[in-house]
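Raw contents of input16.cif, mmCIF, C-alpha atoms and all ligand atoms:
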```cif
data_upload
#
loop_
_atom_site.label_atom_id
_atom_site.label_comp_id
_atom_site.auth_asym_id
_atom_site.auth_seq_id
_atom_site.Cartn_x
_atom_site.Cartn_y
_atom_site.Cartn_z
CA MET A 12 30.95 -102.42 -88.55
CA GLU A 13 32.22 -99.59 -90.64
CA ASP A 14 33.98 -101.29 -93.49
CA VAL A 15 34.64 -104.58 -95.25
CA LEU A 16 37.75 -105.28 -93.19
CA ASN A 17 36.08 -105.16 -89.79
CA ASP A 18 32.76 -106.67 -90.77
CA VAL A 19 32.46 -109.77 -88.57
CA VAL A 20 30.26 -112.78 -89.35
CA SER A 21 27.69 -113.85 -86.76
CA SER A 22 28.40 -117.19 -85.13
CA GLU A 23 24.99 -118.53 -86.22
CA ASP A 24 25.83 -117.82 -89.83
CA LEU A 25 29.24 -119.38 -89.56
CA LYS A 26 27.72 -122.51 -88.02
CA LYS A 27 24.95 -122.68 -90.60
CA PHE A 28 27.25 -122.58 -93.62
CA GLU A 29 29.80 -124.77 -91.91
CA SER A 30 27.26 -127.54 -91.40
CA VAL A 31 26.12 -127.41 -95.03
CA TYR A 32 29.74 -127.69 -96.14
CA HIS A 33 30.51 -130.56 -93.78
CA GLU A 34 27.41 -132.46 -94.77
CA GLN A 35 28.50 -132.26 -98.39
CA LEU A 36 32.01 -133.22 -97.42
CA ARG A 37 30.72 -136.37 -95.72
CA ALA A 38 28.73 -137.22 -98.83
CA SER A 39 31.94 -136.64 -100.83
CA HIS A 40 30.29 -134.05 -103.00
CA VAL A 41 31.11 -130.47 -102.18
CA THR A 42 29.47 -127.91 -104.45
CA GLN A 43 31.31 -124.72 -105.39
CA LYS A 44 28.41 -122.79 -103.90
CA ALA A 45 28.68 -124.40 -100.45
CA GLN A 46 32.45 -124.05 -100.44
CA PHE A 47 32.28 -120.39 -101.43
CA GLU A 48 29.59 -119.51 -98.91
CA TYR A 49 31.47 -121.23 -96.09
CA ALA A 50 34.76 -119.59 -97.12
CA TRP A 51 33.08 -116.18 -97.32
CA CYS A 52 31.91 -116.60 -93.72
CA LEU A 53 35.28 -117.91 -92.53
CA VAL A 54 37.27 -114.93 -93.84
CA ARG A 55 34.94 -112.67 -91.83
CA SER A 56 35.50 -114.59 -88.60
CA LYS A 57 37.21 -112.91 -85.66
CA TYR A 58 39.56 -115.88 -85.28
CA SER A 59 42.61 -115.97 -87.51
CA ALA A 60 42.54 -119.79 -87.65
CA ASP A 61 39.12 -119.56 -89.31
CA ILE A 62 40.33 -116.88 -91.70
CA ARG A 63 43.28 -119.05 -92.72
CA LYS A 64 40.94 -121.96 -93.37
CA GLY A 65 38.74 -119.68 -95.48
CA ILE A 66 41.78 -118.60 -97.48
CA LEU A 67 42.65 -122.25 -98.22
CA LEU A 68 39.11 -122.93 -99.43
CA LEU A 69 39.18 -119.85 -101.65
CA GLU A 70 42.58 -120.75 -103.08
CA ASP A 71 41.22 -124.18 -103.88
CA LEU A 72 38.22 -122.66 -105.69
CA TYR A 73 40.46 -120.23 -107.52
CA ASN A 74 42.87 -122.92 -108.69
CA ASN A 75 40.46 -125.67 -109.58
CA TYR A 76 37.43 -123.99 -111.12
CA ASP A 77 37.02 -121.56 -113.99
CA THR A 78 34.09 -119.59 -112.65
CA GLU A 79 33.89 -116.55 -110.42
CA LYS A 80 37.60 -115.98 -110.02
CA ARG A 81 36.88 -112.33 -109.25
CA ASP A 82 34.87 -113.29 -106.16
CA CYS A 83 37.77 -115.44 -104.94
CA LEU A 84 40.39 -112.74 -105.54
CA TYR A 85 38.30 -110.17 -103.70
CA TYR A 86 37.80 -112.30 -100.60
CA LEU A 87 41.37 -113.60 -100.70
CA ALA A 88 42.48 -109.97 -100.46
CA ILE A 89 40.12 -109.33 -97.55
CA GLY A 90 41.09 -112.52 -95.70
CA ASN A 91 44.79 -111.83 -96.02
CA ALA A 92 44.40 -108.20 -94.95
CA ARG A 93 42.50 -109.33 -91.86
CA ILE A 94 45.35 -111.56 -90.73
CA LYS A 95 47.80 -108.77 -91.55
CA GLU A 96 49.32 -110.51 -94.55
CA TYR A 97 49.30 -107.17 -96.28
CA SER A 98 51.66 -107.83 -99.14
CA LYS A 99 49.68 -110.90 -100.13
CA ALA A 100 46.43 -108.96 -99.82
CA LEU A 101 47.75 -106.22 -102.08
CA SER A 102 48.98 -108.72 -104.64
CA TYR A 103 45.45 -110.17 -104.91
CA VAL A 104 44.08 -106.64 -105.30
CA ARG A 105 46.60 -106.00 -108.06
CA SER A 106 45.72 -109.20 -109.92
CA PHE A 107 42.08 -108.16 -109.77
CA LEU A 108 42.77 -104.65 -111.04
CA GLN A 109 44.81 -106.06 -113.90
CA ILE A 110 41.61 -107.65 -115.18
CA GLU A 111 39.18 -104.89 -114.14
CA PRO A 112 41.22 -101.70 -113.70
CA ALA A 113 38.17 -99.46 -113.21
CA ASN A 114 36.48 -101.49 -110.45
CA VAL A 115 35.65 -98.95 -107.74
CA GLN A 116 34.81 -101.57 -105.12
CA VAL A 117 38.29 -103.07 -105.41
CA GLN A 118 40.02 -99.68 -105.64
CA GLN A 119 38.34 -98.80 -102.35
CA LEU A 120 39.55 -102.04 -100.81
CA GLU A 121 43.10 -101.19 -101.89
CA THR A 122 42.85 -97.77 -100.23
CA LEU A 123 41.45 -99.37 -97.10
CA ILE A 124 44.29 -101.90 -96.86
CA LYS A 125 46.92 -99.21 -97.38
CA LYS A 126 45.31 -97.02 -94.72
CA LYS A 127 45.31 -99.91 -92.29
CA MET A 128 48.98 -100.56 -92.96
CA GLU A 129 49.80 -96.92 -92.39
CA LYS A 130 47.84 -96.90 -89.16
CA GLU A 131 49.80 -99.88 -87.90
CA GLY A 132 53.04 -98.22 -88.92
CA LEU A 133 53.75 -101.03 -91.33
CA VAL A 134 54.72 -98.90 -94.26
CA GLY A 135 57.66 -97.53 -92.25
CA MET A 136 58.40 -100.96 -90.78
CA ALA A 137 58.72 -102.58 -94.14
CA VAL A 138 61.59 -100.24 -94.90
CA ALA A 139 63.16 -100.76 -91.47
CA GLY A 140 62.79 -104.52 -91.93
CA GLY A 141 64.71 -104.28 -95.16
CA VAL A 142 67.57 -102.54 -93.41
CA ILE A 143 67.65 -105.13 -90.63
CA ILE A 144 67.86 -107.93 -93.16
CA GLY A 145 70.73 -106.06 -94.77
CA ILE A 146 72.62 -105.87 -91.48
CA ALA A 147 71.96 -109.50 -90.70
CA SER A 148 73.43 -110.63 -93.95
CA ILE A 149 76.49 -108.47 -93.48
CA LEU A 150 76.90 -109.92 -89.99
CA GLY A 151 76.50 -113.39 -91.40
CA LEU A 152 79.18 -112.62 -93.87
CA GLY A 153 81.41 -111.26 -91.14
CA ILE A 154 81.00 -114.41 -89.08
CA ALA A 155 81.66 -116.62 -92.03
CA MET A 156 84.82 -114.70 -92.77
CA ALA A 157 85.92 -114.76 -89.15
CA LYS A 158 85.55 -118.52 -89.07
CA LYS A 159 87.74 -118.90 -92.08
CA ASN A 160 90.57 -117.09 -90.46
CA MET B 29 22.71 -106.24 -115.73
CA GLY B 30 22.05 -104.87 -112.27
CA VAL B 31 19.08 -102.67 -111.38
CA GLY B 32 21.36 -99.88 -110.13
CA LYS B 33 21.70 -100.27 -106.35
CA SER B 34 25.40 -99.44 -106.27
CA CYS B 35 24.84 -96.46 -108.56
CA LEU B 36 22.06 -95.16 -106.31
CA LEU B 37 24.28 -95.45 -103.25
CA HIS B 38 27.18 -93.81 -105.07
CA GLN B 39 24.94 -90.99 -106.24
CA PHE B 40 23.74 -90.50 -102.65
CA THR B 41 27.18 -90.56 -101.00
CA GLU B 42 29.38 -89.05 -103.74
CA LYS B 43 26.89 -87.23 -105.99
CA LYS B 44 28.35 -88.94 -109.02
CA PHE B 45 27.08 -91.45 -111.53
CA MET B 46 29.10 -94.53 -112.44
CA ALA B 47 28.38 -95.26 -116.08
CA ASP B 48 29.93 -98.70 -116.24
CA CYS B 49 29.46 -100.19 -112.85
CA PRO B 50 30.49 -103.85 -112.52
CA HIS B 51 28.44 -106.27 -110.43
CA THR B 52 29.03 -105.92 -106.70
CA ILE B 53 30.89 -108.74 -105.02
CA GLY B 54 29.21 -109.70 -101.74
CA VAL B 55 28.51 -106.49 -99.86
CA GLU B 56 29.71 -102.91 -100.02
CA PHE B 57 29.43 -100.27 -97.32
CA GLY B 58 28.56 -96.63 -97.55
CA THR B 59 27.99 -93.90 -95.00
CA ARG B 60 26.71 -90.37 -95.01
CA ILE B 61 25.86 -87.95 -92.26
CA ILE B 62 22.56 -86.16 -92.65
CA GLU B 63 20.44 -83.89 -90.53
CA VAL B 64 16.88 -84.72 -89.52
CA ALA B 65 14.94 -82.34 -87.29
CA GLY B 66 18.14 -80.60 -86.28
CA GLN B 67 19.83 -83.84 -85.26
CA LYS B 68 22.94 -85.20 -86.90
CA ILE B 69 22.38 -88.76 -88.01
CA LYS B 70 24.94 -91.08 -89.45
CA LEU B 71 23.48 -93.44 -92.00
CA GLN B 72 25.31 -96.69 -92.45
CA ILE B 73 24.22 -98.32 -95.67
CA TRP B 74 24.93 -101.84 -96.84
CA ASP B 75 24.77 -102.42 -100.55
CA THR B 76 24.19 -106.10 -101.13
CA ALA B 77 25.07 -107.94 -104.34
CA GLY B 78 21.99 -108.89 -106.34
CA GLN B 79 23.36 -111.85 -108.22
CA GLU B 80 21.78 -115.08 -107.07
CA ARG B 81 24.96 -116.76 -105.88
CA PHE B 82 25.40 -114.14 -103.14
CA ARG B 83 21.85 -114.25 -101.87
CA ALA B 84 22.21 -116.88 -99.14
CA VAL B 85 24.93 -114.98 -97.35
CA THR B 86 23.74 -111.41 -97.97
CA ARG B 87 20.47 -112.30 -96.24
CA SER B 88 22.18 -111.98 -92.88
CA TYR B 89 22.76 -108.29 -93.52
CA TYR B 90 19.02 -107.63 -93.43
CA ARG B 91 18.82 -108.69 -89.83
CA GLY B 92 20.23 -105.60 -88.21
CA ALA B 93 18.58 -103.12 -90.55
CA ALA B 94 16.32 -100.28 -89.45
CA GLY B 95 15.35 -99.65 -93.05
CA ALA B 96 15.52 -101.39 -96.40
CA LEU B 97 15.49 -99.97 -99.93
CA MET B 98 14.22 -102.42 -102.53
CA VAL B 99 15.17 -101.56 -106.09
CA TYR B 100 13.85 -102.69 -109.46
CA ASP B 101 14.59 -101.43 -112.96
CA ILE B 102 11.63 -99.75 -114.71
CA THR B 103 12.98 -100.89 -118.10
CA ARG B 104 12.93 -104.60 -117.22
CA ARG B 105 9.72 -106.23 -116.09
CA SER B 106 11.52 -109.36 -114.86
CA THR B 107 13.13 -107.31 -112.09
CA TYR B 108 9.71 -106.02 -111.07
CA ASN B 109 8.16 -109.49 -111.09
CA HIS B 110 10.63 -110.60 -108.44
CA LEU B 111 9.54 -107.97 -105.95
CA SER B 112 7.20 -110.21 -103.98
CA SER B 113 9.85 -112.83 -103.31
CA TRP B 114 12.34 -110.18 -102.17
CA LEU B 115 9.70 -108.54 -100.05
CA THR B 116 8.89 -111.84 -98.34
CA ASP B 117 12.56 -112.32 -97.60
CA THR B 118 12.92 -108.82 -96.26
CA ARG B 119 9.84 -109.08 -94.05
CA ASN B 120 10.92 -112.46 -92.69
CA LEU B 121 14.38 -111.28 -91.82
CA THR B 122 13.74 -107.82 -90.43
CA ASN B 123 11.51 -106.72 -87.60
CA PRO B 124 8.02 -105.31 -88.09
CA SER B 125 9.12 -101.72 -87.55
CA THR B 126 11.74 -101.86 -90.32
CA VAL B 127 10.96 -99.19 -92.89
CA ILE B 128 10.79 -100.53 -96.44
CA PHE B 129 11.14 -98.19 -99.38
CA LEU B 130 10.55 -99.26 -102.99
CA ILE B 131 12.56 -97.57 -105.74
CA GLY B 132 11.84 -97.91 -109.45
CA ASN B 133 15.25 -96.97 -110.85
CA LYS B 134 16.41 -95.73 -114.30
CA SER B 135 13.53 -93.28 -114.67
CA ASP B 136 15.68 -91.40 -117.19
CA LEU B 137 15.08 -94.20 -119.70
CA GLU B 138 11.44 -93.27 -120.28
CA GLY B 139 11.50 -94.61 -123.86
CA GLN B 140 12.40 -98.10 -122.67
CA ARG B 141 9.86 -98.21 -119.86
CA ASP B 142 8.48 -101.69 -119.20
CA VAL B 143 6.68 -101.12 -115.88
CA THR B 144 4.16 -98.30 -115.41
CA TYR B 145 4.30 -95.94 -112.47
CA GLU B 146 0.68 -96.72 -111.58
CA GLU B 147 1.04 -100.47 -111.17
CA ALA B 148 4.17 -100.15 -109.06
CA LYS B 149 2.47 -97.51 -106.94
CA GLN B 150 -0.45 -99.85 -106.43
CA PHE B 151 1.88 -102.69 -105.44
CA ALA B 152 3.59 -100.37 -102.95
CA ASP B 153 0.28 -99.23 -101.46
CA GLU B 154 -1.01 -102.78 -101.10
CA HIS B 155 2.10 -103.76 -99.18
CA GLY B 156 2.52 -100.60 -97.17
CA LEU B 157 5.77 -99.51 -98.78
CA MET B 158 6.92 -96.02 -99.57
CA PHE B 159 7.63 -95.59 -103.27
CA VAL B 160 9.35 -93.34 -105.80
CA GLU B 161 10.76 -93.64 -109.27
CA ALA B 162 14.34 -92.40 -109.36
CA SER B 163 17.38 -92.15 -111.56
CA ALA B 164 20.88 -92.82 -110.31
CA LYS B 165 22.06 -91.27 -113.55
CA THR B 166 20.43 -87.84 -113.27
CA GLY B 167 20.11 -87.95 -109.48
CA HIS B 168 16.34 -87.48 -109.72
CA ASN B 169 14.65 -88.49 -106.42
CA VAL B 170 17.77 -90.23 -105.10
CA GLU B 171 18.35 -87.87 -102.20
CA GLU B 172 14.61 -87.95 -101.46
CA ALA B 173 14.42 -91.75 -101.22
CA PHE B 174 17.25 -92.05 -98.74
CA LEU B 175 16.20 -89.02 -96.71
CA GLU B 176 12.55 -90.09 -96.55
CA THR B 177 13.63 -93.53 -95.31
CA ALA B 178 15.81 -91.92 -92.64
CA LYS B 179 13.02 -89.58 -91.58
CA LYS B 180 10.56 -92.43 -91.28
CA ILE B 181 13.00 -94.40 -89.13
CA PHE B 182 13.59 -91.33 -87.01
CA GLN B 183 9.85 -90.95 -86.52
CA SER B 184 9.53 -94.58 -85.45
CA ILE B 185 12.16 -93.95 -82.83
CA GLN B 186 10.37 -90.89 -81.54
CA ASP B 187 7.01 -92.66 -81.47
CA GLY B 188 8.66 -95.41 -79.48
CA ARG B 189 7.94 -98.02 -82.13
CA LEU B 190 11.62 -98.64 -82.57
CA ASP B 191 13.55 -99.39 -79.42
CA LEU B 192 16.94 -97.73 -79.34
CA ASN B 193 18.30 -100.25 -76.90
CA ALA B 194 17.25 -103.41 -78.69
CA ALA B 195 20.25 -105.01 -80.32
CA GLU B 196 18.22 -105.93 -83.38
CA SER B 197 16.83 -102.49 -84.03
CA GLY B 198 19.64 -101.37 -86.31
CA VAL B 199 19.91 -98.12 -84.44
CA GLN B 200 22.75 -97.01 -82.24
CA HIS B 201 22.41 -94.01 -80.05
CA ASN B 202 25.60 -92.47 -78.90
CA PRO B 203 24.97 -90.63 -75.64
CA SER B 204 28.55 -89.32 -75.49
CA GLN B 205 27.86 -87.47 -78.70
CA PRO B 206 24.49 -85.87 -78.18
CA GLY B 207 22.35 -85.92 -81.22
CA ARG B 208 24.36 -88.65 -82.89
CA THR B 209 22.25 -91.53 -84.00
CA SER B 210 23.31 -94.06 -86.53
CA LEU B 211 20.87 -95.83 -88.76
CA GLN B 212 21.57 -98.95 -90.65
CA GLY B 213 19.85 -99.92 -93.82
CA VAL B 214 20.27 -102.39 -96.60
CA SER B 215 19.56 -101.93 -100.22
CA ASN B 216 18.60 -105.10 -101.92
CA GLU B 217 17.75 -106.03 -105.38
CA GLN B 218 15.38 -107.61 -107.77
CA GLN B 219 17.57 -109.23 -110.32
CA GLY B 220 15.88 -110.65 -113.38
CA GLY B 221 15.74 -114.41 -113.74
CA LYS B 222 18.50 -116.68 -112.50
CA ASP B 223 21.43 -114.35 -112.50
CA SER B 224 21.70 -112.26 -115.49
CA CYS B 225 25.42 -111.82 -115.47
CA SER B 226 26.26 -109.78 -118.52
CA CYS B 227 28.66 -106.83 -118.84
N1 LIG C 301 20.38 -95.08 -117.63
C1 LIG C 301 20.61 -95.45 -116.36
N2 LIG C 301 21.49 -96.43 -116.12
C2 LIG C 301 21.70 -96.78 -114.82
C3 LIG C 301 21.03 -96.15 -113.75
N3 LIG C 301 21.43 -96.73 -112.59
C4 LIG C 301 22.34 -97.66 -112.93
N4 LIG C 301 22.51 -97.70 -114.27
C5 LIG C 301 23.41 -98.62 -114.99
O1 LIG C 301 23.01 -99.94 -114.72
C6 LIG C 301 24.14 -100.79 -114.53
C7 LIG C 301 24.03 -101.56 -113.24
O2 LIG C 301 24.10 -100.69 -112.13
P1 LIG C 301 24.64 -101.19 -110.70
O3 LIG C 301 24.52 -100.05 -109.76
O4 LIG C 301 25.97 -101.81 -110.83
O5 LIG C 301 23.59 -102.32 -110.36
P2 LIG C 301 23.48 -103.17 -109.01
O6 LIG C 301 22.05 -103.23 -108.67
O7 LIG C 301 24.39 -102.63 -107.98
O8 LIG C 301 24.00 -104.61 -109.49
P3 LIG C 301 24.59 -105.79 -108.55
O9 LIG C 301 25.75 -105.21 -107.79
O10 LIG C 301 25.04 -106.89 -109.47
O11 LIG C 301 23.50 -106.25 -107.66
C8 LIG C 301 25.38 -99.90 -114.59
O12 LIG C 301 26.06 -100.09 -115.80
C9 LIG C 301 24.84 -98.51 -114.47
O13 LIG C 301 25.60 -97.60 -115.22
C10 LIG C 301 20.07 -95.12 -114.06
O14 LIG C 301 19.41 -94.52 -113.20
N5 LIG C 301 19.92 -94.82 -115.38
MG MG C 302 25.93 -103.40 -106.95
#
```

Have the structure of the file written as structure tokens, please.
Amino acid sequence: MEDVLNDVVSSEDLKKFESVYHEQLRASHVTQKAQFEYAWCLVRSKYSADIRKGILLLEDLYNNYDTEKRDCLYYLAIGNARIKEYSKALSYVRSFLQIEPANVQVQQLETLIKKKMEKEGLVGMAVAGGVIIGIASILGLGIAMAKKN
Amino acid sequence: MGVGKSCLLHQFTEKKFMADCPHTIGVEFGTRIIEVAGQKIKLQIWDTAGQERFRAVTRSYYRGAAGALMVYDITRRSTYNHLSSWLTDTRNLTNPSTVIFLIGNKSDLEGQRDVTYEEAKQFADEHGLMFVEASAKTGHNVEEAFLETAKKIFQSIQDGRLDLNAAESGVQHNPSQPGRTSLQGVSNEQQGGKDSCSC
């Protein structure tokens, strides 16, 4: 439990906030508070299916309500980083820093995400991936041309 | 405005003051390695957001804590008035051996003082809390507050009041690294009124 990216929610907590959310869902009145608390727990789950669900709930909050967009951006970045959607995570960090460039908490998150990418060799891979795509499209072109002949 | 928890932590880990610190979102983490009685101890510190909307979830971070630092702002009485409710929360969620330290922050703003040292000291004594006034800005008493908390936890371990092997104790002993003990603590906050989002 050293940093915000490997901080895992307890299953009691997840269940507790899940049941509040579902109760409100059944009553057809979900408060922003319940949705945010549940989403905040979901993005800290060890299961990626939960994290994805949390991301959907946060996106919904971000798109449909005016308040607390910074909270949503922050946890959207964390959620995406945890399921290794690094470019998405970094784009949320960037949107946040556009509004609050001096926010140390978010600057630290950015550093953390970049470190994690480096550790997983993803910075190098991104470049390699680009080259592979280049070859594939040349091949595709070659095949298309061969067919013509 | 916040009472200065993040600034206190930053002063303790980085020895710097953040003049315009925005409200914390959720929880932040900080660590520092210190030495107590010749032993290297790694402090893991959770800095919880004080704004009301985070309170339900940040509560769960108290559970694994060996120590807790409760902070109010000496220039705003409303933050002091909330101490009892935060203390109740902290006591309910931690175990009886959890060390609780009260910090009256922003002691550099003597001219704007709204809570006297004496009454806070009395409150601390009545509830068995350790207490200092500190300033995250000048660094006054910051080191002391964290180190005293760590020492007290360390003592509890040595007296056998805190069980190293209990999962809930907030203490991890690493036998492969002799003399490495990690302490976990939360710093929580007394925010005035509902949620005084300003800045
Ligand atoms: N003069 C003075 N200002 C301080 C001191 N400590 C913090 N501040 C200021 O008070 C404001 C709030 O400090 P924070 O550390 O963000 O407060 P917090 O308790 O973490 O707030 P939340 O994260 O919302 O819970 C910042 O603008 C700081 O610059 C201090 O010791 N003296
Ligand atoms: Mg803070």

List as a Markdown table every residue of chain A that is in contact with ligand MG 302 (chain C), defined as an atom at most 12 Å from one of its atoms (using all atoms listed in the file), together with the nearest atom pair and the distance in Å rounded to one decimal, sorted by chain and then rising number.
```
| residue | atom | partner | partner_atom | distance |
| --- | --- | --- | --- | --- |
| A:Asn114 | CA | C:MG302 | MG | 11.3 |
| A:Val115 | CA | C:MG302 | MG | 10.7 |
| A:Gln116 | CA | C:MG302 | MG | 9.2 |
```

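Closest approach to chain A among B:Gly198, B:Pro124, B:Gly58, B:Gly156 is made by B:Gly58 (distances from only C-alpha atoms).
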
Could you tell me, counting all atoms listed in the file, which protein and nucleic acid residues lie no more than 6 Å from ligand LIG 301 (chain C), written as a ChimeraX atom specification?
-> /B:29-35,46-52,77-79,133-134,136-137,163-165

Measure the distance from CA of Met98 (chain B) to CA of Lys44 (chain B) in Å and round it to one decimal.
-> 20.6 Å

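The two atoms in question, CA of Ser56 (chain A) and CA of Tyr86 (chain A), are spaced 12.4 Å apart.
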
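Computed from the coordinates, the CA of Ala60 (chain A) to CA of Leu101 (chain A) distance equals 20.5 Å.
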
Identify all chain A residues at most 7 Å from chain B by counting all atoms listed in the file; ligands do not count. Present them as a VMD selection string.
-> chain A and resid 14 48 82 114

Deliver the residues from the most recent selection as a file, using C-alpha atoms, as a PDB file, keeping the file's coordinate frame.
```pdb
ATOM      1  CA  ASP A  14      33.980-101.290 -93.490  1.00  0.00           C
ATOM      2  CA  GLU A  48      29.590-119.510 -98.910  1.00  0.00           C
ATOM      3  CA  ASP A  82      34.870-113.290-106.160  1.00  0.00           C
ATOM      4  CA  ASN A 114      36.480-101.490-110.450  1.00  0.00           C
TER       5      ASN A 114
END
```
